[in-house]
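Input: a single structure, listed below in structure tokens.
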Amino acid sequence: MTEFEHKLKMAEALAATGKMSRREFVQFAAALGIAIPAAGTLFSKVAKAEDAKKGGALVIGMEGGSASDSYDPRTYADSIMIAASLAVMNCLVEFDDAGNPTPELFESWEAKPGAAEWVFNVRKGIKFSNGKELDAEDIIYSIGLHRGEDTKSPAKGILEPITEIKALSPTQISMTLKEGNADFPVILGDYHLVVVPKDFNDWSKPIGTGAYTLESFEPGVRIVFKNRGDYWKANRGNFDTVEIRYIQDAAARTAALQSGEVHAINRLDARTVDLLMQDENVKVVRTKGTGNRYCFVSRVTMDPFTNKDLRTALKYGIDRDQIIQSVFSGYAVPGNDHTLDALNPFYNTNLPQRPYDPDKAAFHFKKAGISGKVELQTSEGAWSSAVDCASIYQESLKKAGIDLTVTKVSGDGYWDNVWLKVPFCAVYWGRRMSADATLSQVYGSASDWNDSDWRKPEFDKIISEARIELDNAKRKELYFKAQEMISDDGGMICFAISDYLDGYSPKIAGVTPHARYDLADQRLAEKAWFA
Amino acid sequence: MFRLLITRVVLGLLTLFAISILIFAATEMLPGDVASAVLGQGATPETLAAFRLELGLDRPAYIRYLEWFTGVLQGDLGVSLTNKRDILESIAPRFGNTMFLAGFAALIAVPVSVGLGILAAINEGKWIDRVANIVSLATISVPEFFIAYVLILYFAVKHRWFPSLATVFPDMAFSTKLYVTALPAITLTLLVTAHMLRMTRSSVLAIMSQPYIEMAFLKGLPRARVIMRHALPNAAAPIIAVIALNLAYLIVGVVVIEVVFVYPGMGQYMVDGVTKRDLPVVQACGLVFASAFIILNTIADILGILVNPRLRKRNTGH
């Protein structure tokens with residue numbers, strides 16, 4: 001044991017027995033040379049779980065749902081239904097704060113070499129709210145909802161590689177994949193894959209293994225839950241009742257938090273969050289750079305974007321910092337022209353951040369020798385500030401002598417009629433939990449969503465190799481190379497990755513930033529408690 | 001009188017029918033459909049096709065319209081395309097909420113504005129006339145959400161006298177409902193008062209220059225009595241029309257207020273329906289809104305005729 005390891009072990013022991021606070025631990029770790037976010041995670045892992053207090057009625061005010069919401073997991077697409085389903089049901093795999101897959105209804109798993117054959121052990125002794133005991137058949141049925149010819153589930157694509165699922169015993173399931181995938185448990189952590197009893201289909205009365213049962217559901221208005229009692233996860237499911245209120249308007253959400261009518265809200269307005277932080281009734285939790293990836297995407301198979309020099313010019317010609325300052329009020333981090341973020345373990349830290357460099361942009365633009373106009377289509381339908389971002393982009397390109405035509409198009413049907421169809425348009429991407437999912441869905445040749453139409457056999461080969469590589473160092477090397485290829489040659493200008501901003505009442509405890517979603521990975525109902 | 005009523009009702013029904021076709025055509029013309037709206041960026045051609053097939057969107061528009069229309073005639077508004085809930089069941093409580101808020105606001109706004117309008121007319125040019133005018137004009141000149149936010153900031157966030165969330169639930173006591181909806185009701189009152197107040201004032205004043213009013217003054221009657229007994233009944237028709245128009249606005253035009261105060265009325269439901277291309281929901285809401293408008297206007301017309309002896313005579317055909 002080196003001295004470093006020894007000191008860390010001691011600190012861990014102190015943290016575990018509660019003799020060292022998070023702050024002290026992080027300072028100590030920083031002195032040892034451990035990055036602060038990593039140290040924070042380390043502390044969460046080893047610290048003695050602060051004993052959660054039981055009781056109380058939690059009210060959450062949220063955006064991200066509508067009057068057409070349903071409990072059918074094949075329809076989940078936004079925050080409110082993700083949070084609502086996780087209150088009543090459980091997933092197969094959970095994620096810790098750093099984003100690593102951890103057991104939930106799957107207690108453990110194992111891959112055969114090559115990562116194509118997997119065996120999962122079902123957690124024992126778990127009961128659904130109707131009294132039935134969880135077994136392998138329930139899980140196979142729940143996964144099956146998202147598979148097959150005629151399912152309309154958005155999770156259909158990510159489950160496509162599964163060729164066979166069978167129950168080896170009531171508590172063991174084997175799955176076989178078309179090709180190996182070392183990140184398969186991460187895929188199974190997808191929020192659509194919640195577990196219901198076999199043959200269950202009455203979505204107006206959802207049944208699950210979660211901490212709460214559904215009391216009432218008025219889509220677009222509110223969802224009320226009651227504690228089931230005796231939740232199988234220690235220290236979780238602490239509130240007597242939980243209520244989710246639909247509050248679409250950011251100002252109305254903020255007012256409701258400030259006046260004490262709700263205890264937590266999502267999606268704070270970045271433009272007012274600095275003022276909000278001065279209110280002593282509000283606690284802001286910021287998760288840096290894991291939110292949406294905002295991009296302008298060109299299709300490299302359509303003129304004039306077939307020209308690599310033009311694409312390079314467009315990447316150097318965007319003033320990322322100015323967009324982040326003026327549109328996101330500083331609550332975003334610059335993107336490096338691919339959609340992985342710095343919290344992903346395989347994020348390429350060697351690749352320098354591409355700066356705003358009008359000279360280089362001008363140089364490449366000249367070299368490209370483009371005549372005629374370069375047109376960018378943008379819309380509020382892409383994301384609410386896409387038009388503002390495009391205007392700033394237009395200005396910053398002017399300094400490089402590039403004249404960008406910005407066309408604002410209708411938000412209705414944007415994803416249907418503009419995205420994937422026009423040569424250059426505004427797009428945002430959500431976070432995918434694994435490097436493999438991110439890179440293969442956005443840039444893989446086989447992906448329907450490859451919006452830059454950048455399809456390279458050598459890139460696909462690297463991704464396939466990395467997918468079955470169980471040695472992390474080798475995987476890292478491969479993913480680094482893949483990110484470099486995209487950033488250098490691809491058609492995507494990924495200029496900003498937003499922060500998640502949650503607001504809480506100071507009464508709420510047990511909330512930490514999470515690598516996946518806001519509001520404690522949308523598990524606020526089961527994770528938090530009243531201090 | 002009876003014939004008049006029948007004609008008005010038949011005309012109203014015909015208008016409704018025309019409106020139902022217009023709404024249907026308008027939603028058909030919007031780009032995208034329910035499948036692409038629900039699946040959004042995550043859609044693939046296969047999932048889109050599966051979704052459309054399941055909802056029967058592959059069939060021609062006129063067949064879908066006829067099916068829906070025959071359903072409505074039998075009192076069946078259909079089910080929502082997105083969450084398969086029965087529309088009538090979803091709409092009924094929301095319609096009740098909309099009517100509750102509109103009624104609450106109208107109960108404050110109508111007496112206040114008509115009363116102030118008459119008061120202003122009696123005291124034409126004096127300070128009370130000026131104050132009523134300036135205040136009501138000021139409130140109508142700022143956007144509705146601004147008034148709403150100012151009220152929220154002062155009464156909910158600063159002083160916590162009223163809640164900022166005006167959401168009402170079926171199991172709430174009536175008095176609680178009044179309490180939580182106080183801020184939106186006041187906002188709406190401020191929005192509609194100016195129009196009714198000024199119409200009351202100007203129609204009363206217009207009558208004041210008539211010869212028979214001068215006659216009344218010459219008889220030595222006090223100004224207040226002249227206005228109440230002689231001017232007001234003759235000025236009633238335009239006032240009733242304006243009240244009807246504002247009541248209709250309180251029912252159909254308050255979606256912004258619903259969003260700001262998180263009030264579960266029909267406006268928000270319809271907007272959700274439009275964004276998700278949930279055609280039956282949009283149709284149903286459109287129909288209800290159109291009915292509200294037509295019914296209120298018909299009532300206003302009939303009342304206007306009833307209170308005015310001259311109009312009453314002409315229309316009965318004698």
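Residues in the structure tokens are numbered from 1 in each chain, the chains being A, B, ... in the order shown, and ligands are numbered from 1 in the order shown.
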Could you work out which residues of chain B fall inside 9 Å of chain A? Count only C-alpha atoms, and format the result as a PyMOL selection string. chain B and resi 30-33+36-51+80-85+90+149+152-153+156-160+163-165+167+259-264+268-270+272-273+275-276+278
| request: Quick one: everything within 10 Å of Ala342 in chain A, counting only C-alpha atoms, minus sequence neighbours fewer than 6 positions away in the same chain. Send it as a ChimeraX atom specification. | output: /A:288-290,333,335,348-349,497
Could the residues in this selection be written to a file with N, CA and C atoms, as a PDB file, in the first residue's frame?
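again23.pdb, written as the output of this step:
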```
ATOM      1  N   LYS A 288     -23.568  20.050 -13.253  1.00  0.00           N
ATOM      2  CA  LYS A 288     -22.856  20.729 -14.324  1.00  0.00           C
ATOM      3  C   LYS A 288     -22.694  19.858 -15.569  1.00  0.00           C
ATOM      4  N   GLY A 289     -23.140  20.403 -16.694  1.00  0.00           N
ATOM      5  CA  GLY A 289     -22.784  19.802 -17.976  1.00  0.00           C
ATOM      6  C   GLY A 289     -23.206  18.368 -18.215  1.00  0.00           C
ATOM      7  N   THR A 290     -24.383  17.984 -17.729  1.00  0.00           N
ATOM      8  CA  THR A 290     -24.879  16.653 -18.079  1.00  0.00           C
ATOM      9  C   THR A 290     -26.249  16.756 -18.746  1.00  0.00           C
ATOM     10  N   VAL A 333     -21.673  24.149 -20.159  1.00  0.00           N
ATOM     11  CA  VAL A 333     -20.244  24.026 -20.439  1.00  0.00           C
ATOM     12  C   VAL A 333     -20.076  23.911 -21.950  1.00  0.00           C
ATOM     13  N   GLY A 335     -19.272  22.530 -25.538  1.00  0.00           N
ATOM     14  CA  GLY A 335     -19.165  21.204 -26.142  1.00  0.00           C
ATOM     15  C   GLY A 335     -17.938  21.147 -27.033  1.00  0.00           C
ATOM     16  N   ASN A 348     -12.884  12.007 -23.708  1.00  0.00           N
ATOM     17  CA  ASN A 348     -11.503  12.229 -24.143  1.00  0.00           C
ATOM     18  C   ASN A 348     -10.935  13.517 -23.541  1.00  0.00           C
ATOM     19  N   THR A 349     -10.119  13.332 -22.481  1.00  0.00           N
ATOM     20  CA  THR A 349      -9.562  14.489 -21.787  1.00  0.00           C
ATOM     21  C   THR A 349      -8.317  15.023 -22.495  1.00  0.00           C
ATOM     22  N   ILE A 497     -23.251  22.186 -23.540  1.00  0.00           N
ATOM     23  CA  ILE A 497     -23.978  21.141 -22.814  1.00  0.00           C
ATOM     24  C   ILE A 497     -24.512  21.801 -21.545  1.00  0.00           C
TER      25      ILE A 497
END
```
Contacts of Ala400 in chain A at 6 Å or less, counting only C-alpha atoms, minus same-chain residues fewer than 2 places along, as a list in words?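 Answer for this query is Pro358, Ala361, Ala362, Leu397, Lys398 and Ile402 of chain A.
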Write the residues of the preceding selection, restricted to N, CA and C atoms, as a PDB file, in the first residue's frame.
```pdb
ATOM      1  N   PRO A 358     -11.571  33.089 -35.255  1.00  0.00           N
ATOM      2  CA  PRO A 358     -12.036  33.592 -36.555  1.00  0.00           C
ATOM      3  C   PRO A 358     -10.979  33.465 -37.649  1.00  0.00           C
ATOM      4  N   ALA A 361     -10.962  29.978 -38.882  1.00  0.00           N
ATOM      5  CA  ALA A 361     -12.213  29.771 -39.605  1.00  0.00           C
ATOM      6  C   ALA A 361     -12.116  30.382 -40.998  1.00  0.00           C
ATOM      7  N   ALA A 362     -11.574  31.602 -41.044  1.00  0.00           N
ATOM      8  CA  ALA A 362     -11.443  32.281 -42.335  1.00  0.00           C
ATOM      9  C   ALA A 362     -10.513  31.500 -43.262  1.00  0.00           C
ATOM     10  N   LEU A 397     -19.630  34.297 -36.928  1.00  0.00           N
ATOM     11  CA  LEU A 397     -19.065  33.883 -38.215  1.00  0.00           C
ATOM     12  C   LEU A 397     -18.710  35.089 -39.082  1.00  0.00           C
ATOM     13  N   LYS A 398     -19.433  36.192 -38.884  1.00  0.00           N
ATOM     14  CA  LYS A 398     -19.167  37.400 -39.665  1.00  0.00           C
ATOM     15  C   LYS A 398     -17.728  37.861 -39.475  1.00  0.00           C
ATOM     16  N   ILE A 402     -17.484  34.946 -42.906  1.00  0.00           N
ATOM     17  CA  ILE A 402     -18.411  33.944 -43.434  1.00  0.00           C
ATOM     18  C   ILE A 402     -19.826  34.456 -43.259  1.00  0.00           C
TER      19      ILE A 402
END
```
Shell around Glu110 in chain A at 7 Å using only C-alpha atoms, local window under 2 positions removed, as a list of chain:residue names: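 Answer for this query is A:Lys112, A:Trp118, A:Val119, A:Phe120.
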May I ask for the distance between CA of Trp68 in chain B and CA of Ala92 in chain B, given in Å to one decimal place?
->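 So the answer is 18.3 Å.
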**OP:** Please run DSSP on the backbone and report, as a count of residues only, all residues within range 152-292 of chain B that come out as helix (DSSP H, G or I).
**Re:** 110
Original post:
Skipping near chain neighbours, those fewer than 2 positions away, what residues fall within 9 Å of range 19-29 of chain B using only C-alpha atoms, listed as a PyMOL selection string?
Top reply: chain B and resi 14-17+31-33+61+65+69+274+277+279-280+282-284+286-287+290
Here CA of Tyr154 in chain B and CA of Ala166 in chain B stand apart by 15.3 Å
- Task: Write out as a list in words the residues lying within 7 Å of range 112-128 of chain B, counting only C-alpha atoms and excluding same-chain residues fewer than 4 positions away.
- Result: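 My reading of the contact set: Ile108, Ala132, Thr193, Met196, Leu197, Arg198, Thr200, Arg201, Val204, Leu205, Arg223 and Ala224 of chain B.
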| Which of range 381-513 of chain A counts as strand (DSSP E or B) under DSSP, as a ChimeraX atom specification please? | /A:404-408,424-429,492-498,500-504,508-509
Take the residues just selected and output them with N, CA and C atoms as a JSON list (two decimals), in the first residue's frame.
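Output (again_39.json):
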```
[["chain", "number", "residue", "atom", "x", "y", "z"],
["A", 404, "LEU", "N", -23.47, 33.61, -42.97],
["A", 404, "LEU", "CA", -24.40, 32.51, -42.73],
["A", 404, "LEU", "C", -25.83, 33.02, -42.86],
["A", 405, "THR", "N", -26.63, 32.32, -43.67],
["A", 405, "THR", "CA", -28.04, 32.67, -43.75],
["A", 405, "THR", "C", -28.79, 31.87, -42.71],
["A", 406, "VAL", "N", -29.48, 32.57, -41.80],
["A", 406, "VAL", "CA", -30.24, 31.85, -40.77],
["A", 406, "VAL", "C", -31.72, 31.91, -41.13],
["A", 407, "THR", "N", -32.33, 30.75, -41.28],
["A", 407, "THR", "CA", -33.75, 30.70, -41.62],
["A", 407, "THR", "C", -34.51, 30.13, -40.44],
["A", 408, "LYS", "N", -35.51, 30.87, -39.98],
["A", 408, "LYS", "CA", -36.32, 30.38, -38.87],
["A", 408, "LYS", "C", -37.51, 29.61, -39.44],
["A", 424, "PHE", "N", -28.46, 21.58, -42.94],
["A", 424, "PHE", "CA", -27.82, 22.19, -41.77],
["A", 424, "PHE", "C", -28.91, 22.72, -40.85],
["A", 425, "CYS", "N", -29.03, 22.17, -39.66],
["A", 425, "CYS", "CA", -30.11, 22.62, -38.78],
["A", 425, "CYS", "C", -29.74, 22.47, -37.30],
["A", 426, "ALA", "N", -30.57, 23.07, -36.44],
["A", 426, "ALA", "CA", -30.35, 23.03, -35.00],
["A", 426, "ALA", "C", -30.93, 21.74, -34.42],
["A", 427, "VAL", "N", -30.15, 21.11, -33.53],
["A", 427, "VAL", "CA", -30.57, 19.83, -32.95],
["A", 427, "VAL", "C", -30.09, 19.78, -31.50],
["A", 428, "TYR", "N", -30.88, 19.17, -30.60],
["A", 428, "TYR", "CA", -30.30, 18.87, -29.31],
["A", 428, "TYR", "C", -30.36, 17.37, -29.06],
["A", 429, "TRP", "N", -29.41, 16.90, -28.27],
["A", 429, "TRP", "CA", -29.37, 15.50, -27.91],
["A", 429, "TRP", "C", -29.41, 15.38, -26.39],
["A", 492, "MET", "N", -20.94, 17.70, -37.01],
["A", 492, "MET", "CA", -21.68, 18.29, -35.89],
["A", 492, "MET", "C", -20.89, 19.39, -35.19],
["A", 493, "ILE", "N", -21.55, 20.52, -34.98],
["A", 493, "ILE", "CA", -20.96, 21.56, -34.16],
["A", 493, "ILE", "C", -21.71, 21.51, -32.84],
["A", 494, "CYS", "N", -21.11, 20.81, -31.86],
["A", 494, "CYS", "CA", -21.77, 20.70, -30.56],
["A", 494, "CYS", "C", -21.14, 21.77, -29.68],
["A", 495, "PHE", "N", -21.91, 22.85, -29.41],
["A", 495, "PHE", "CA", -21.28, 24.02, -28.80],
["A", 495, "PHE", "C", -21.55, 24.19, -27.31],
["A", 496, "ALA", "N", -22.58, 23.52, -26.79],
["A", 496, "ALA", "CA", -22.86, 23.71, -25.36],
["A", 496, "ALA", "C", -23.58, 22.50, -24.79],
["A", 497, "ILE", "N", -23.25, 22.19, -23.54],
["A", 497, "ILE", "CA", -23.98, 21.14, -22.81],
["A", 497, "ILE", "C", -24.51, 21.80, -21.55],
["A", 498, "SER", "N", -25.83, 21.77, -21.38],
["A", 498, "SER", "CA", -26.43, 22.58, -20.33],
["A", 498, "SER", "C", -26.30, 21.94, -18.95],
["A", 500, "TYR", "N", -28.14, 21.10, -15.27],
["A", 500, "TYR", "CA", -29.47, 20.93, -14.68],
["A", 500, "TYR", "C", -29.55, 21.82, -13.46],
["A", 501, "LEU", "N", -30.65, 22.53, -13.31],
["A", 501, "LEU", "CA", -30.82, 23.41, -12.16],
["A", 501, "LEU", "C", -32.11, 23.06, -11.44],
["A", 502, "ASP", "N", -31.99, 22.53, -10.23],
["A", 502, "ASP", "CA", -33.17, 22.23, -9.42],
["A", 502, "ASP", "C", -33.27, 23.24, -8.30],
["A", 503, "GLY", "N", -34.48, 23.51, -7.85],
["A", 503, "GLY", "CA", -34.68, 24.35, -6.68],
["A", 503, "GLY", "C", -35.35, 23.55, -5.58],
["A", 504, "TYR", "N", -34.85, 23.69, -4.34],
["A", 504, "TYR", "CA", -35.44, 22.96, -3.21],
["A", 504, "TYR", "C", -35.73, 23.89, -2.06],
["A", 508, "ILE", "N", -35.69, 20.15, 2.64],
["A", 508, "ILE", "CA", -35.44, 18.87, 1.96],
["A", 508, "ILE", "C", -33.99, 18.43, 2.15],
["A", 509, "ALA", "N", -33.80, 17.18, 2.54],
["A", 509, "ALA", "CA", -32.45, 16.63, 2.67],
["A", 509, "ALA", "C", -32.32, 15.39, 1.80]]
```
Query raised in the report: Quick one: residues within 8 Å of Ile223 in chain A, only C-alpha atoms counted, chain neighbours fewer than 4 positions away excluded, as a count of residues only?
Result: 10
